[in-house]
Amino acid sequence: MSPRIDHIVFDIGKVLIHYDPNIPYSRIIPDEAERAWFFQNVCTHEWNLEQDRGRTWADAEALLIADHPEREAHIRAFRENWHEMVSHSYDDSVAIMTGLIEQGRDVTMLTNFAADTFTQARGMFPFLNLPRGVTVSGEVGLIKPDIAIYEKHAKDFGLTPENTIFIDDSFPNVEAARAAGWQAVHFTGADKLREDLAGYGLSV
C-alpha cells in the first residue's frame with residue numbers, strides 16, 4: 001500500500017517548462033557540427049551547471065573567454081539569449097500542478113536553476129509563482145542530486161519525507177530523492193504522471 005502523500009514537489013525544467021540551448025544557437029552557430037563542438041567543448045552542460053550551483057554569469061563567461069577569446073560573442077550569447085531556450089511551458093503538466101493546488105494540496109518546487117534566470121523565468125511563466133514556495137539551487141549553493149538539497153527543502157518547508165512525492169525528468173535526481181526518504185516518480189510525460197500520481201491516491 002502506498003504511503004499517504006501530504007506534499008508534492010515539482011522539478012521545473014523539462015517538467016513544467018521546455019529548455020533547449022539549441023533554439024537560439026541554431027541561429028547563432030548555424031553549422032550543426034560546429035554547434036555540437038561548441039556545446040561539447042565551450043558552453044558545456046557541466047559549465048552551465050555551475051551557474052545552477054551559484055556561480056555568477058560574469059565569472060562563468062570570464063573563465064571561458066580566457067580559454068576561448070575568439071569565441072567571446074558566442075559565449076556571451078548563452079546568457080543574452082537564455083530566454084529563447086525556455087521557449088514554452090508544458091501546459092498539460094502545468095495543468096496537473098495547478099489542479100493539485102486548486103484541490104488544496106501542498107505543492108512546492110525544487111529546481112536546479114541559476115538565481116537570476118529563475119527570476120526571469122518567473123516573469124515569463126507566472127504559474128511558477130503559484131506553489132507555496134521553491135528551493136532554487138543557485139540561491140542555496142546546493143544542486144540535485146546532492147541529498148543535502150532535498151534535506152534542506154524538506155526542513156525549510158516542513159515536509160515529512162515519507163509523505164512527500166517528488167517529480168523530476170532526471171532519473172538520478174529521482175533516485176536521490178528516494179535516498180533522502182521521499183517517494184519519487186520519473187517524469188516522462190503528463191499522461192504517465194497522472195497514472196503515477198493516481199497510484200499514490202492523487203487524482204487530478
# chains A, B, ... in the order shown; residues from 1 in each chain; ligands from 1

call {"tool": "residues_around", "arguments": {"residues": "Gly201 in chain A", "least_positions_apart": "4", "cutoff": "10 Å", "atoms": "only C-alpha atoms", "output": "list in words"}}
result
Ser2, Pro3, Arg4, Ile5, Glu195, Asp196 and Leu197 of chain A

call {"tool": "write_last_selection", "arguments": {"atoms": "C-alpha atoms", "output": "mmCIF file, in the first residue's frame"}}
result
data_model
loop_
_atom_site.group_PDB
_atom_site.id
_atom_site.type_symbol
_atom_site.label_atom_id
_atom_site.label_comp_id
_atom_site.auth_asym_id
_atom_site.auth_seq_id
_atom_site.Cartn_x
_atom_site.Cartn_y
_atom_site.Cartn_z
ATOM 1 C CA SER A 2 1.340 3.429 -0.960
ATOM 2 C CA PRO A 3 2.034 5.904 1.837
ATOM 3 C CA ARG A 4 -0.229 8.904 2.338
ATOM 4 C CA ILE A 5 1.042 11.860 0.308
ATOM 5 C CA GLU A 195 -1.068 7.462 -13.735
ATOM 6 C CA ASP A 196 1.826 7.607 -11.273
ATOM 7 C CA LEU A 197 0.054 10.129 -9.047
#

call {"tool": "residues_around", "arguments": {"residues": "range 94-105 of chain A", "least_positions_apart": "2", "cutoff": "6 Å", "atoms": "only C-alpha atoms", "output": "short mmCIF file (atom, residue, chain, number, x, y, z; two decimals) with N, CA and C atoms, in the first residue's frame"}}
result
data_model
loop_
_atom_site.label_atom_id
_atom_site.label_comp_id
_atom_site.auth_asym_id
_atom_site.auth_seq_id
_atom_site.Cartn_x
_atom_site.Cartn_y
_atom_site.Cartn_z
N LEU A 16 7.89 21.28 -16.27
CA LEU A 16 6.89 22.34 -16.42
C LEU A 16 7.20 23.29 -17.58
N ASP A 91 1.96 22.69 -21.01
CA ASP A 91 0.67 23.06 -20.43
C ASP A 91 -0.05 21.90 -19.76
N ASP A 92 0.13 20.68 -20.28
CA ASP A 92 -0.54 19.53 -19.67
C ASP A 92 0.05 19.23 -18.29
N VAL A 204 -6.07 14.01 -10.50
CA VAL A 204 -6.22 15.40 -10.95
C VAL A 204 -6.49 15.40 -12.45
#

call {"tool": "residues_around", "arguments": {"residues": "range 25-37 of chain A", "least_positions_apart": "5", "cutoff": "12 Å", "atoms": "only C-alpha atoms", "output": "NGL selection string"}}
result
:A and (20 or 42-45 or 71 or 73-82 or 84-85)

call {"tool": "write_last_selection", "arguments": {"atoms": "N, CA and C atoms", "output": "short mmCIF file (atom, residue, chain, number, x, y, z; two decimals), in the first residue's frame"}}
result
data_model
loop_
_atom_site.label_atom_id
_atom_site.label_comp_id
_atom_site.auth_asym_id
_atom_site.auth_seq_id
_atom_site.Cartn_x
_atom_site.Cartn_y
_atom_site.Cartn_z
N ASP A 20 16.02 24.20 -24.10
CA ASP A 20 16.87 23.68 -25.17
C ASP A 20 17.77 24.79 -25.69
N VAL A 42 32.95 24.15 -25.11
CA VAL A 42 32.97 25.51 -24.58
C VAL A 42 31.82 25.69 -23.58
N CYS A 43 30.66 26.03 -24.03
CA CYS A 43 29.49 26.16 -23.13
C CYS A 43 28.89 24.78 -22.89
N THR A 44 29.57 23.98 -22.08
CA THR A 44 29.16 22.61 -21.82
C THR A 44 28.05 22.55 -20.77
N HIS A 45 27.44 21.39 -20.69
CA HIS A 45 26.43 21.17 -19.64
C HIS A 45 27.04 21.36 -18.26
N ARG A 71 35.92 33.12 -29.21
CA ARG A 71 34.51 32.72 -29.09
C ARG A 71 33.73 33.63 -28.12
N ALA A 73 31.88 36.29 -28.34
CA ALA A 73 30.49 36.63 -28.69
C ALA A 73 29.57 35.42 -28.52
N HIS A 74 30.06 34.25 -28.91
CA HIS A 74 29.25 33.04 -28.78
C HIS A 74 29.05 32.66 -27.31
N ILE A 75 30.07 32.91 -26.49
CA ILE A 75 29.97 32.60 -25.05
C ILE A 75 28.96 33.54 -24.38
N ARG A 76 29.08 34.81 -24.65
CA ARG A 76 28.15 35.78 -24.04
C ARG A 76 26.72 35.59 -24.54
N ALA A 77 26.59 35.01 -25.71
CA ALA A 77 25.25 34.79 -26.29
C ALA A 77 24.43 33.82 -25.45
N PHE A 78 25.09 32.99 -24.66
CA PHE A 78 24.35 31.99 -23.87
C PHE A 78 23.41 32.69 -22.90
N ARG A 79 23.95 33.60 -22.11
CA ARG A 79 23.10 34.30 -21.14
C ARG A 79 22.18 35.30 -21.85
N GLU A 80 22.72 35.97 -22.87
CA GLU A 80 21.95 37.01 -23.56
C GLU A 80 20.69 36.45 -24.22
N ASN A 81 20.77 35.20 -24.66
CA ASN A 81 19.65 34.59 -25.39
C ASN A 81 18.97 33.48 -24.59
N TRP A 82 19.24 33.46 -23.28
CA TRP A 82 18.70 32.39 -22.46
C TRP A 82 17.17 32.33 -22.54
N GLU A 84 15.26 32.60 -24.91
CA GLU A 84 14.78 31.81 -26.05
C GLU A 84 14.87 30.30 -25.77
N MET A 85 15.78 29.92 -24.88
CA MET A 85 15.97 28.49 -24.58
C MET A 85 14.78 27.90 -23.85
#

call {"tool": "residues_around", "arguments": {"residues": "range 162-170 of chain A", "least_positions_apart": "6", "cutoff": "10 Å", "atoms": "only C-alpha atoms", "output": "VMD selection string"}}
result
chain A and resid 2 to 16 106 to 111 144 to 145 150 154 177 to 178 180 to 189 193 196 to 197 200

call {"tool": "residues_around", "arguments": {"residues": "range 113-126 of chain A", "least_positions_apart": "4", "cutoff": "10 Å", "atoms": "only C-alpha atoms", "output": "JSON, numbers by chain"}}
result
{"A": [12, 13, 16, 17, 48, 49, 50, 51, 52, 53, 54, 55, 56, 57, 79, 82, 83, 86, 87, 88, 89, 130, 135, 136, 137, 138, 139, 140, 141, 143]}

call {"tool": "write_last_selection", "arguments": {"atoms": "N, CA and C atoms", "output": "short mmCIF file (atom, residue, chain, number, x, y, z; two decimals), in the first residue's frame"}}
result
data_model
loop_
_atom_site.label_atom_id
_atom_site.label_comp_id
_atom_site.auth_asym_id
_atom_site.auth_seq_id
_atom_site.Cartn_x
_atom_site.Cartn_y
_atom_site.Cartn_z
N ILE A 12 11.27 21.73 -12.34
CA ILE A 12 10.73 22.72 -13.28
C ILE A 12 11.17 22.46 -14.72
N GLY A 13 12.49 22.52 -14.98
CA GLY A 13 12.98 22.35 -16.34
C GLY A 13 12.68 20.98 -16.90
N LEU A 16 7.89 21.28 -16.27
CA LEU A 16 6.89 22.34 -16.42
C LEU A 16 7.20 23.29 -17.58
N ILE A 17 8.49 23.51 -17.84
CA ILE A 17 8.88 24.37 -18.96
C ILE A 17 9.95 23.70 -19.80
N ASN A 48 27.47 25.04 -17.45
CA ASN A 48 26.19 25.67 -17.12
C ASN A 48 25.70 25.25 -15.74
N LEU A 49 26.01 24.02 -15.36
CA LEU A 49 25.57 23.51 -14.06
C LEU A 49 26.16 24.32 -12.91
N GLU A 50 27.35 24.87 -13.12
CA GLU A 50 27.97 25.67 -12.05
C GLU A 50 27.21 26.97 -11.82
N GLN A 51 26.54 27.50 -12.82
CA GLN A 51 25.67 28.66 -12.60
C GLN A 51 24.45 28.22 -11.77
N ASP A 52 23.99 27.00 -12.02
CA ASP A 52 22.90 26.45 -11.21
C ASP A 52 23.36 26.27 -9.76
N ARG A 53 24.66 26.11 -9.56
CA ARG A 53 25.20 25.93 -8.21
C ARG A 53 25.47 27.28 -7.54
N GLY A 54 25.39 28.36 -8.32
CA GLY A 54 25.55 29.68 -7.72
C GLY A 54 26.65 30.55 -8.31
N ARG A 55 27.45 30.02 -9.24
CA ARG A 55 28.48 30.85 -9.85
C ARG A 55 27.84 31.96 -10.68
N THR A 56 28.40 33.16 -10.65
CA THR A 56 27.83 34.26 -11.41
C THR A 56 28.12 34.09 -12.89
N TRP A 57 27.25 34.67 -13.71
CA TRP A 57 27.47 34.62 -15.15
C TRP A 57 28.75 35.36 -15.54
N ARG A 79 23.95 33.60 -22.11
CA ARG A 79 23.10 34.30 -21.14
C ARG A 79 22.18 35.30 -21.85
N TRP A 82 19.24 33.46 -23.28
CA TRP A 82 18.70 32.39 -22.46
C TRP A 82 17.17 32.33 -22.54
N HIS A 83 16.53 33.47 -22.62
CA HIS A 83 15.06 33.50 -22.65
C HIS A 83 14.49 32.70 -23.82
N VAL A 86 14.09 28.74 -23.07
CA VAL A 86 12.88 28.29 -22.36
C VAL A 86 11.69 28.77 -23.18
N SER A 87 11.46 28.09 -24.28
CA SER A 87 10.57 28.59 -25.33
C SER A 87 9.09 28.49 -25.01
N HIS A 88 8.71 27.51 -24.15
CA HIS A 88 7.29 27.33 -23.87
C HIS A 88 7.11 26.47 -22.63
N SER A 89 5.91 26.50 -22.11
CA SER A 89 5.57 25.65 -20.97
C SER A 89 4.96 24.36 -21.48
N LEU A 130 2.73 30.15 -8.25
CA LEU A 130 1.55 29.60 -7.60
C LEU A 130 1.85 28.64 -6.44
N THR A 135 12.76 25.88 -3.76
CA THR A 135 14.20 25.88 -3.48
C THR A 135 14.91 25.95 -4.82
N VAL A 136 15.71 27.01 -5.01
CA VAL A 136 16.45 27.23 -6.24
C VAL A 136 17.93 26.96 -5.96
N SER A 137 18.50 26.03 -6.67
CA SER A 137 19.88 25.61 -6.39
C SER A 137 20.86 26.79 -6.38
N GLY A 138 20.70 27.69 -7.34
CA GLY A 138 21.62 28.82 -7.43
C GLY A 138 21.54 29.77 -6.26
N GLU A 139 20.43 29.73 -5.53
CA GLU A 139 20.27 30.59 -4.36
C GLU A 139 20.81 29.96 -3.09
N VAL A 140 20.84 28.62 -3.05
CA VAL A 140 21.25 27.93 -1.82
C VAL A 140 22.62 27.28 -1.92
N GLY A 141 23.21 27.28 -3.12
CA GLY A 141 24.55 26.73 -3.28
C GLY A 141 24.62 25.21 -3.21
N ILE A 143 22.97 21.51 -5.23
CA ILE A 143 22.41 21.13 -6.52
C ILE A 143 22.00 19.66 -6.51
#

call {"tool": "select_by_dssp", "arguments": {"residues": "range 73-196 of chain A", "states": "strand (DSSP E)", "output": "list in words"}}
result
Asp106, Val107, Thr108, Met109, Leu110, Thr111, Val134, Thr135, Val136, Thr164, Ile165, Phe166, Ile167, Asp168, Gln183, Ala184, Val185 and His186 of chain A

call {"tool": "select_by_dssp", "arguments": {"residues": "range 71-175 of chain A", "states": "helix (DSSP H, G or I)", "output": "PyMOL selection string"}}
result
chain A and resi 71-80+82-85+91-102+115-124+126-129+137-140+147-157+161-163+171-175

call {"tool": "atom_distance", "arguments": {"atom1": "CA of Ala198 in chain A", "atom2": "CA of Met1 in chain A"}}
result
12.6 Å

call {"tool": "atom_distance", "arguments": {"atom1": "CA of Asn41 in chain A", "atom2": "CA of Glu61 in chain A"}}
result
13.8 Å

call {"tool": "closest_residue", "arguments": {"among": "A:Ala176, A:Ala62, A:Ile149, A:Ile23", "to": "Val134 in chain A", "atoms": "only C-alpha atoms"}}
result
A:Ile149
